[in-house]
Amino acid sequence: MSSHRTTGQARLWAGGIGMAAAAAAMIGAATAHADDGSVPTDIGLLNTAQTDIAEAFSLSGQTNAGAGFFPELEAIQTPLLSSDNSFVSGFGEALFNGPDQQLAQASEAFLSAAETLSSDTTNFTALGDYASTGFQVTGAIFGEIPSTLIGKLTDQIFDIGGFDTASAGAATDGAASAAATPDDVIGQAITDFNQGDAVLDTASTADLGTRSADLLSGQENLGPEIAQILPQLGTYQDMLTPTDQTLLAVVDEQWVTAAQNVLSADQAFVAADQAGQLTGSGVNAADLTVIDADLGILSADFNTAGATLLALFTGGLDTTAADLASSLDPATAVDTSIFADLLSSIGL
């Protein structure tokens with residue numbers, strides 16, 4: 001995976017610095033923090049989302065995966081949202097409210113699906129809803145990236161107080177011994193998922209019982225959903241330093257494990273079908289094996305998404321804020337045309 005950010009990604013960062021630079025006169029040299037102990041609305045949304053995700057995983061009997069990025073989101077957003085400077089707090093609300101609302105709504109839907117599934121773990125429609133809403137949460141998590149990175153730049157440039165550069169540098173120090181890259185690992189996972197889809201194509205739908213037929217239908221839709229998630233994950237990991245990419249390749253191995261488990265479950269399902277074991281109306285061992293493998297996908301999804309966001313938010317970017325800031329003269333070099341992609345990406 002290339003260690004260089006694409007032109008569009010560089011424009012995103014430059015646009016973020018440009019927006020912050022253009023606001024310098026209004027922000028002023030120093031920014032006071034609210035000290036009334038109140039929690040900004042957007043931080044409340046993040047807290048609700050974190051709680052809903054944790055409860056959803058608990059109901060499904062899984063570890064609360066990938067939630068470590070929530071403290072980073074809160075640490076970056078709070079100084080802007082809590083500022084006594086109305087421009088700063090308004091800027092923060094404009095940046096964060098849309099993505100935070102989307103994450104909270106997706107997390108609420110995920111919890112609702114988990115509650116339905118927990119009442120009947122053999123309800124394959126509920127299983128499909130659980131997986132689908134889980135992927136929506138991941139999409140909403142990735143949707144936090146543009147606005148949060150801009151907030152991080154604003155914190156750093158104007159010393160508002162939401163980013164600890166010392167700890168950020170420490171978070172990405174050190175080298176990893178793994179030789180694989182995210183491209184290698186993600187490519188292997190995609191290959192395994194595609195192989196699972198090919199195996200399912202050989203299943204005979206004519207003789208399947210109702211439950212098994214429902215499960216097969218949902219399983220065949222799994223591949224296309226994952227085909228959207230994994231390239232997106234790779235795109236964001238491509239923004240990171242080579243060291244971070246190497247470290248994340250180890251975490252990405254969870255996707256390979258999940259894909260291989262799904263492949264094995266799909267093979268067992270087809271073998272049971274060919275042996276005439278899936279004709280009844282109830283749930284059998286092959287069905288349960290598929291369900292268990294599918295649940296493992298969400299754990300891999302949240303863990304790798306969370307690790308990627310932690311790397312992004314704790315200073316592991318290939319082009320640092322300092323590098324970009326030093327290349328711009330806030331007073332004279334702000335080209336407003338670079339804001340177009342940025343504003344569109346965060347819905348402003």
# chains A, B, ... in the order shown; residues from 1 in each chain; ligands from 1
>>> residues_around(residues="Asp294 of chain A", least_positions_apart="6", cutoff="8 Å", atoms="only C-alpha atoms", output="number ranges by chain")
A: 131, 258, 262
>>> residues_around(residues="Thr41 of chain A", least_positions_apart="6", cutoff="10 Å", atoms="only C-alpha atoms", output="NGL selection string")
:A and (47 or 81-82 or 93 or 97 or 100-101)
>>> residues_around(residues="Ala285 of chain A", least_positions_apart="3", cutoff="10 Å", atoms="only C-alpha atoms", output="VMD selection string")
chain A and resid 268 to 269 272 277 to 278 288 to 291
